[in-house]
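Trainee: Coordinates in data_18.txt, compact mmCIF, C-alpha atoms, are listed below.
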```txt
# COMPACT_ATOMS: atom_id res chain seq x y z
CA SER A 1175 123.55 112.95 146.38
CA VAL A 1176 120.34 114.90 147.07
CA GLY A 1177 118.20 111.82 146.51
CA LYS A 1178 120.11 109.73 149.04
CA VAL A 1179 119.96 112.46 151.71
CA LEU A 1180 116.25 112.98 151.03
CA ALA A 1181 115.60 109.24 151.29
CA GLU A 1182 117.24 109.19 154.72
CA ARG A 1183 115.09 112.11 155.86
CA LEU A 1184 111.89 110.52 154.64
CA HIS A 1185 112.89 107.01 155.79
CA ARG A 1186 112.33 105.59 152.35
CA PRO A 1187 114.52 103.52 150.02
CA PHE A 1188 116.49 105.38 147.36
CA VAL A 1189 116.21 104.09 143.80
CA ASP A 1190 118.30 105.22 140.83
CA LEU A 1191 116.30 104.40 137.69
CA ASP A 1192 119.40 104.09 135.47
CA ALA A 1193 120.94 101.66 137.95
CA GLU A 1194 117.74 99.59 137.94
CA ILE A 1195 117.83 99.39 134.14
CA CYS A 1196 121.49 98.35 134.10
CA ALA A 1197 120.97 95.72 136.80
CA GLY A 1198 118.03 94.28 134.90
CA VAL A 1199 119.99 93.56 131.72
CA GLY A 1200 123.53 93.29 133.07
CA ARG A 1201 124.89 96.07 130.84
CA SER A 1202 125.96 99.69 131.26
CA ILE A 1203 123.95 102.56 129.80
CA ALA A 1204 126.55 103.00 127.06
CA GLU A 1205 126.40 99.29 126.17
CA ILE A 1206 122.59 99.33 126.04
CA PHE A 1207 122.64 102.30 123.67
CA GLN A 1208 125.26 100.59 121.52
CA VAL A 1209 123.35 97.30 121.26
CA ARG A 1210 119.70 98.46 121.35
CA GLY A 1211 119.85 102.15 120.45
CA GLU A 1212 117.94 104.92 122.22
CA ALA A 1213 114.54 103.39 121.38
CA GLY A 1214 115.56 100.12 123.01
CA PHE A 1215 116.86 101.93 126.07
CA ARG A 1216 113.61 103.92 126.47
CA ALA A 1217 111.61 100.69 126.29
CA LEU A 1218 113.66 99.26 129.15
CA GLU A 1219 113.30 102.56 131.01
CA ARG A 1220 109.49 102.51 130.71
CA SER A 1221 109.39 98.94 132.00
CA ALA A 1222 111.66 99.78 134.95
CA LEU A 1223 109.59 102.84 135.83
CA ARG A 1224 106.33 100.87 135.80
CA HIS A 1225 107.92 98.35 138.16
CA VAL A 1226 109.13 101.04 140.58
CA LEU A 1227 105.80 102.92 140.59
CA ALA A 1228 103.92 99.69 141.28
CA GLY A 1229 105.94 99.08 144.43
CA PRO A 1230 106.14 100.78 147.84
CA PRO A 1231 107.00 104.53 148.12
CA VAL A 1232 110.61 105.40 147.31
CA VAL A 1233 112.75 108.39 146.50
CA LEU A 1234 113.44 107.98 142.77
CA ALA A 1235 116.20 109.61 140.77
CA THR A 1236 115.41 109.46 137.06
CA GLY A 1237 117.62 109.92 134.04
CA GLY A 1238 117.71 113.19 132.13
CA GLY A 1239 115.50 111.85 129.35
CA THR A 1240 112.86 110.16 131.50
CA PHE A 1241 110.67 113.22 131.95
CA VAL A 1242 110.98 114.10 128.26
CA ASP A 1243 109.23 110.88 127.28
CA GLU A 1244 105.49 111.67 127.29
CA THR A 1245 104.42 108.24 128.54
CA MET A 1246 106.82 108.24 131.48
CA ARG A 1247 106.17 111.89 132.27
CA ASP A 1248 102.41 111.29 132.46
CA GLN A 1249 102.96 108.28 134.73
CA LEU A 1250 105.18 110.26 137.09
CA LEU A 1251 102.81 113.24 137.22
CA ALA A 1252 99.85 110.96 137.96
CA GLN A 1253 101.49 108.56 140.42
CA ALA A 1254 104.28 110.51 142.11
CA GLN A 1255 105.34 113.94 143.29
CA THR A 1256 107.97 115.30 140.94
CA VAL A 1257 110.62 117.91 141.65
CA TYR A 1258 112.73 119.63 138.99
CA LEU A 1259 116.12 120.62 140.37
CA ASP A 1260 116.98 123.62 138.21
CA VAL A 1261 120.76 123.92 137.89
CA ASP A 1262 122.42 126.71 135.91
CA PRO A 1263 123.75 125.46 132.53
CA GLU A 1264 127.23 126.71 133.40
CA GLU A 1265 127.24 124.61 136.56
CA ILE A 1266 126.11 121.52 134.66
CA VAL A 1267 128.92 121.98 132.13
CA LEU A 1268 131.51 122.41 134.89
CA ARG A 1269 130.36 119.22 136.60
CA LEU A 1270 130.51 117.25 133.36
CA GLN A 1271 133.87 118.66 132.31
CA SER A 1272 135.34 117.68 135.67
CA LYS A 1273 134.50 114.07 134.86
CA PRO A 1274 136.53 112.79 131.87
CA SER A 1275 134.21 109.81 131.34
CA ALA A 1276 131.04 111.95 131.13
CA ALA A 1277 130.46 111.52 127.40
CA GLU A 1278 131.28 107.81 127.53
CA GLU A 1279 128.79 107.22 130.38
CA ARG A 1280 126.09 109.43 128.83
CA PRO A 1281 125.49 108.51 125.17
CA MET A 1282 123.22 111.52 124.61
CA LEU A 1283 126.27 113.79 125.09
CA ARG A 1284 128.20 112.26 122.21
CA GLY A 1285 128.73 113.85 118.83
CA GLN A 1286 129.78 117.32 120.00
CA SER A 1287 131.80 118.71 122.85
CA VAL A 1288 130.33 117.92 126.27
CA ALA A 1289 129.58 121.62 126.82
CA LEU A 1290 127.69 122.04 123.54
CA SER A 1291 125.80 118.77 123.92
CA ALA A 1292 124.75 119.51 127.50
CA THR A 1293 123.63 123.05 126.64
CA ARG A 1294 121.65 121.82 123.62
CA LEU A 1295 119.92 119.04 125.57
CA LEU A 1296 118.97 121.36 128.42
CA LYS A 1297 117.47 123.87 125.99
CA GLU A 1298 115.48 121.14 124.23
CA ARG A 1299 114.22 119.62 127.47
CA GLN A 1300 113.57 122.72 129.55
CA SER A 1301 109.85 123.01 128.75
CA ASP A 1302 109.30 119.35 129.70
CA TYR A 1303 111.22 119.69 132.96
CA GLU A 1304 109.11 122.71 133.90
CA ARG A 1305 105.99 120.52 133.95
CA ALA A 1306 107.14 118.89 137.19
CA HIS A 1307 104.98 119.48 140.25
CA PHE A 1308 107.68 121.56 141.90
CA ARG A 1309 110.76 123.43 140.74
CA ILE A 1310 113.70 124.42 142.91
CA GLN A 1311 116.48 126.73 141.80
CA CYS A 1312 119.62 125.04 143.10
CA ARG A 1313 121.90 128.07 142.96
CA GLU A 1314 123.97 128.39 146.18
CA LEU A 1315 122.00 125.67 147.97
CA THR A 1316 123.76 122.76 149.67
CA VAL A 1317 122.66 119.15 149.35
CA GLU A 1318 121.17 119.38 152.86
CA ASP A 1319 119.30 122.58 151.95
CA LEU A 1320 117.81 120.96 148.86
CA ALA A 1321 116.81 117.81 150.70
CA GLY A 1322 115.10 119.91 153.36
CA ARG A 1323 113.14 121.95 150.84
CA ILE A 1324 112.03 118.89 148.92
CA ALA A 1325 110.97 117.16 152.13
CA ASP A 1326 108.75 120.15 152.98
CA LEU A 1327 107.26 120.21 149.50
CA VAL A 1328 106.38 116.54 149.25
CA ALA A 1329 105.02 116.56 152.79
CA GLY A 1330 102.81 119.51 151.87
CA THR A 1331 103.96 121.51 154.85
CA GLY A 1332 106.54 124.06 155.82
CA ALA A 1333 107.30 126.32 158.74
CA ASP A 1334 104.92 128.95 157.38
CA GLY A 1335 101.92 127.02 156.08
CA TYR A 1336 100.59 124.30 153.81
CA ARG A 1337 101.58 123.61 150.19
CA PHE A 1338 100.24 121.39 147.45
CA SER A 1339 100.30 121.23 143.66
CA VAL A 1340 97.51 121.63 141.12
CA ARG A 1341 97.64 119.92 137.74
CA ALA A 1342 96.37 121.96 134.79
CA LYS A 1343 95.95 120.77 131.21
CA ASP A 1344 99.60 120.92 130.19
CA ARG A 1345 101.51 121.62 133.40
CA THR A 1346 101.35 121.72 137.18
CA TYR A 1347 101.80 124.61 139.56
CA PRO A 1348 102.22 124.96 143.34
CA VAL A 1349 99.75 126.54 145.75
CA ALA A 1350 100.59 127.69 149.29
CA PHE A 1351 98.31 128.61 152.19
CA LEU A 1352 100.19 130.76 154.67
CA ASP A 1353 99.62 131.11 158.40
CA ARG A 1354 100.68 134.75 158.30
CA PHE A 1355 100.86 137.52 155.72
CA ASP A 1356 104.09 139.38 155.31
CA VAL A 1357 106.76 139.77 152.67
CA ALA A 1358 109.08 137.18 154.18
CA ALA A 1359 106.34 134.54 154.33
CA VAL A 1360 105.21 135.15 150.76
CA ALA A 1361 108.75 135.26 149.38
CA THR A 1362 109.64 132.04 151.20
CA ALA A 1363 106.55 130.20 150.00
CA LEU A 1364 106.98 131.20 146.36
CA GLY A 1365 110.75 131.44 146.34
CA VAL A 1366 111.00 127.72 147.06
CA VAL A 1367 110.00 126.99 143.49
CA GLU A 1368 111.58 130.07 141.90
CA LEU A 1369 108.63 130.83 139.63
CA PRO A 1370 109.49 133.06 136.64
CA ARG A 1371 106.01 134.65 136.76
CA VAL A 1372 103.96 135.39 139.87
CA PHE A 1373 100.40 136.72 140.19
CA VAL A 1374 99.50 138.11 143.59
CA ILE A 1375 95.71 137.94 144.09
CA THR A 1376 94.29 139.84 147.04
CA ASP A 1377 91.47 142.16 148.08
CA ASP A 1378 91.54 145.96 147.96
CA ASN A 1379 92.32 146.36 151.66
CA LEU A 1380 95.44 144.19 151.66
CA CYS A 1381 96.42 145.56 148.27
CA GLN A 1382 96.66 149.07 149.68
CA THR A 1383 98.74 148.05 152.68
CA HIS A 1384 100.96 145.26 151.31
CA GLY A 1385 100.52 145.01 147.53
CA ALA A 1386 103.41 147.13 146.28
CA THR A 1387 105.83 145.78 148.88
CA VAL A 1388 105.06 142.14 148.10
CA THR A 1389 105.16 142.46 144.31
CA GLY A 1390 108.36 144.49 144.56
CA ALA A 1391 110.03 141.77 146.60
CA LEU A 1392 108.85 138.97 144.30
CA ALA A 1393 109.71 140.82 141.08
CA ALA A 1394 113.40 140.42 141.87
CA GLY A 1395 113.19 136.78 140.75
CA GLY A 1396 111.03 137.37 137.68
CA GLU A 1397 107.75 139.01 136.73
CA ALA A 1398 105.23 139.85 139.46
CA LYS A 1399 101.73 141.21 138.82
CA LEU A 1400 99.08 142.31 141.30
CA LEU A 1401 95.40 141.45 140.84
CA SER A 1402 93.06 143.18 143.29
CA PHE A 1403 89.36 142.51 143.95
CA LYS A 1404 86.76 143.98 146.25
CA GLY A 1405 86.67 142.45 149.71
CA GLY A 1406 83.92 140.11 150.90
CA GLU A 1407 82.71 136.59 150.33
CA ARG A 1408 80.85 137.45 147.13
CA HIS A 1409 84.00 138.46 145.30
CA LYS A 1410 86.01 135.52 146.64
```
Please re-express this file's structure in structure tokens.

Mentor:
Amino acid sequence: SVGKVLAERLHRPFVDLDAEICAGVGRSIAEIFQVRGEAGFRALERSALRHVLAGPPVVLATGGGTFVDETMRDQLLAQAQTVYLDVDPEEIVLRLQSKPSAAEERPMLRGQSVALSATRLLKERQSDYERAHFRIQCRELTVEDLAGRIADLVAGTGADGYRFSVRAKDRTYPVAFLDRFDVAAVATALGVVELPRVFVITDDNLCQTHGATVTGALAAGGEAKLLSFKGGERHK
């Protein structure tokens, strides 16, 4: 749902990677797993992803296991902007349980109850999902809200400044330049991605006037630490 709304906002085609795979071989996901196994499905998935990434820009919805595969994850991080929609495990279970055919349509959920399988998979995959360029906590956000936030992120802009992502050795993290300095602006810029750990880096002057207030506001969503340096170009 979010992908389709986002595609309309960005005026780009929407592509569901699972649907592309199924259309390519004329079988459902469950049938592919039954005939070719998971390894065979991942091979088809890698081929479909290469084809999509080689084409014009689209809004792409991947399967749950796509970003866990190292080859596909590296391709997406290098050739696309990736967003991890972080949904509470309880919400995921409720959504799956409301759909009787969930386990049949998703072979990776078989073998245990849907609730146990979904919780186990999320725990196993969490660290891979967190390597996405951006992360949005979906709690209490509507589809329109999510599409709006993602549109701002991928465009690199927002109402309060400019954003981009930096890729480190084993993960990526967002950076925001703000047009103004106050608690609301900082909380908005960093709250978009719901980071579990935040370091506020500033000079001694701003630290004295705003440091405690900003870290106090940001600490509500996780851990916030303040790093202060002497003012001036030399210390920058």

Trainee: What is the atom CA of Arg1371 of chain A-atom CA of Thr1383 of chain A distance in Å, reported with one decimal?

Mentor: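 Between these atoms lies a distance of 22.0 Å.
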
Trainee: Do you have the atom CA of Arg1313 of chain A-atom CA of Glu1264 of chain A distance handy?

Mentor: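 Here the two named atoms are 11.0 Å from each other.
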
Trainee: Have a look at atom CA of Arg1305 of chain A and atom CA of Ala1254 of chain A and let me know their distance in Å, one decimal.

Mentor: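 Interatomic distance, atom CA of Arg1305 of chain A to atom CA of Ala1254 of chain A: 13.0 Å.
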
Trainee: Write out as CSV a residue-level contact list of segment 1223-1250 of chain A versus segment 1206-1215 of chain A with cut-off 12 Å: for each qualifying residue the closest pair of atoms and the distance in Å to one decimal, counting only C-alpha atoms, rows sorted by chain and residue number upward.

Mentor:
```
residue,atom,partner,partner_atom,distance
A:Gly1237,CA,A:Phe1215,CA,11.3
A:Gly1239,CA,A:Glu1212,CA,10.2
A:Thr1240,CA,A:Phe1215,CA,10.6
A:Asp1243,CA,A:Ala1213,CA,10.9
```

Trainee: Closest to Arg1323 of chain A among A:Leu1268, A:Ile1310, A:Ala1391, A:Leu1223, using all atoms listed in the file?

Mentor: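 For Arg1323 of chain A, the nearest of the given residues is A:Ile1310.
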
Trainee: Write out as JSON lines a residue-level contact list of segment 1207-1235 of chain A versus segment 1246-1251 of chain A with cut-off 10 Å: for each qualifying residue the closest pair of atoms and the distance in Å to one decimal, counting only C-alpha atoms, rows sorted by chain and residue number upward.

Mentor:
```
{"residue": "A:Arg1216", "atom": "CA", "partner": "A:Met1246", "partner_atom": "CA", "distance": 9.5}
{"residue": "A:Glu1219", "atom": "CA", "partner": "A:Met1246", "partner_atom": "CA", "distance": 8.6}
{"residue": "A:Arg1220", "atom": "CA", "partner": "A:Met1246", "partner_atom": "CA", "distance": 6.4}
{"residue": "A:Ser1221", "atom": "CA", "partner": "A:Met1246", "partner_atom": "CA", "distance": 9.7}
{"residue": "A:Leu1223", "atom": "CA", "partner": "A:Met1246", "partner_atom": "CA", "distance": 7.5}
{"residue": "A:Arg1224", "atom": "CA", "partner": "A:Gln1249", "partner_atom": "CA", "distance": 8.2}
{"residue": "A:Leu1227", "atom": "CA", "partner": "A:Leu1250", "partner_atom": "CA", "distance": 8.2}
```

Trainee: Rebuild segment 1224-1235 of chain A to all heavy atoms - output it as a CSV table (one decimal), in the frame of the given file, please.

Mentor:
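Saved to part-v2.csv:
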```
chain,number,residue,atom,x,y,z
A,1224,ARG,N,107.6,101.5,135.4
A,1224,ARG,CA,106.3,100.9,135.8
A,1224,ARG,C,106.5,100.0,137.0
A,1224,ARG,O,105.7,100.0,137.9
A,1224,ARG,CB,105.8,100.0,134.6
A,1224,ARG,CG,105.2,100.9,133.5
A,1224,ARG,CD,104.3,100.0,132.6
A,1224,ARG,NE,105.1,98.9,132.0
A,1224,ARG,CZ,105.8,99.1,130.8
A,1224,ARG,NH1,105.7,100.2,130.1
A,1224,ARG,NH2,106.4,98.0,130.3
A,1225,HIS,N,107.6,99.3,137.0
A,1225,HIS,CA,107.9,98.4,138.2
A,1225,HIS,C,108.1,99.1,139.4
A,1225,HIS,O,107.6,98.8,140.5
A,1225,HIS,CB,109.2,97.5,137.8
A,1225,HIS,CG,109.6,96.6,139.0
A,1225,HIS,ND1,109.0,95.5,139.3
A,1225,HIS,CD2,110.7,96.8,139.8
A,1225,HIS,CE1,109.6,94.9,140.3
A,1225,HIS,NE2,110.6,95.7,140.7
A,1226,VAL,N,108.9,100.2,139.4
A,1226,VAL,CA,109.1,101.0,140.6
A,1226,VAL,C,107.8,101.7,141.1
A,1226,VAL,O,107.5,101.7,142.3
A,1226,VAL,CB,110.2,102.1,140.3
A,1226,VAL,CG1,110.3,103.1,141.5
A,1226,VAL,CG2,111.5,101.5,140.0
A,1227,LEU,N,107.0,102.2,140.2
A,1227,LEU,CA,105.8,102.9,140.6
A,1227,LEU,C,104.8,101.9,141.1
A,1227,LEU,O,103.9,102.4,141.9
A,1227,LEU,CB,105.2,103.7,139.4
A,1227,LEU,CG,106.0,104.9,138.9
A,1227,LEU,CD1,105.4,105.5,137.7
A,1227,LEU,CD2,106.2,105.9,140.0
A,1228,ALA,N,104.9,100.7,140.8
A,1228,ALA,CA,103.9,99.7,141.3
A,1228,ALA,C,104.3,99.2,142.7
A,1228,ALA,O,103.5,98.5,143.3
A,1228,ALA,CB,103.9,98.5,140.3
A,1229,GLY,N,105.5,99.5,143.1
A,1229,GLY,CA,105.9,99.1,144.4
A,1229,GLY,C,105.7,100.1,145.5
A,1229,GLY,O,104.9,101.0,145.4
A,1230,PRO,N,106.3,99.9,146.7
A,1230,PRO,CA,106.1,100.8,147.8
A,1230,PRO,C,106.8,102.1,147.6
A,1230,PRO,O,107.6,102.3,146.6
A,1230,PRO,CB,106.9,100.1,149.0
A,1230,PRO,CG,107.9,99.2,148.3
A,1230,PRO,CD,107.2,98.8,147.0
A,1231,PRO,N,106.4,103.2,148.3
A,1231,PRO,CA,107.0,104.5,148.1
A,1231,PRO,C,108.5,104.6,148.2
A,1231,PRO,O,109.1,103.9,149.1
A,1231,PRO,CB,106.3,105.4,149.2
A,1231,PRO,CG,105.1,104.6,149.6
A,1231,PRO,CD,105.4,103.2,149.4
A,1232,VAL,N,109.1,105.3,147.3
A,1232,VAL,CA,110.6,105.4,147.3
A,1232,VAL,C,110.9,106.8,146.9
A,1232,VAL,O,110.1,107.6,146.5
A,1232,VAL,CB,111.3,104.4,146.3
A,1232,VAL,CG1,111.0,103.0,146.7
A,1232,VAL,CG2,110.8,104.8,144.9
A,1233,VAL,N,112.2,107.2,147.1
A,1233,VAL,CA,112.8,108.4,146.5
A,1233,VAL,C,113.4,108.0,145.2
A,1233,VAL,O,114.4,107.2,145.3
A,1233,VAL,CB,113.7,109.1,147.4
A,1233,VAL,CG1,114.4,110.3,146.7
A,1233,VAL,CG2,113.0,109.6,148.7
A,1234,LEU,N,113.0,108.4,144.1
A,1234,LEU,CA,113.4,108.0,142.8
A,1234,LEU,C,114.2,109.1,142.1
A,1234,LEU,O,113.7,110.2,141.9
A,1234,LEU,CB,112.2,107.5,141.9
A,1234,LEU,CG,112.5,107.1,140.5
A,1234,LEU,CD1,113.4,105.9,140.4
A,1234,LEU,CD2,111.2,106.9,139.7
A,1235,ALA,N,115.4,108.7,141.6
A,1235,ALA,CA,116.2,109.6,140.8
A,1235,ALA,C,116.1,109.1,139.3
A,1235,ALA,O,116.4,107.9,139.1
A,1235,ALA,CB,117.7,109.6,141.2
```
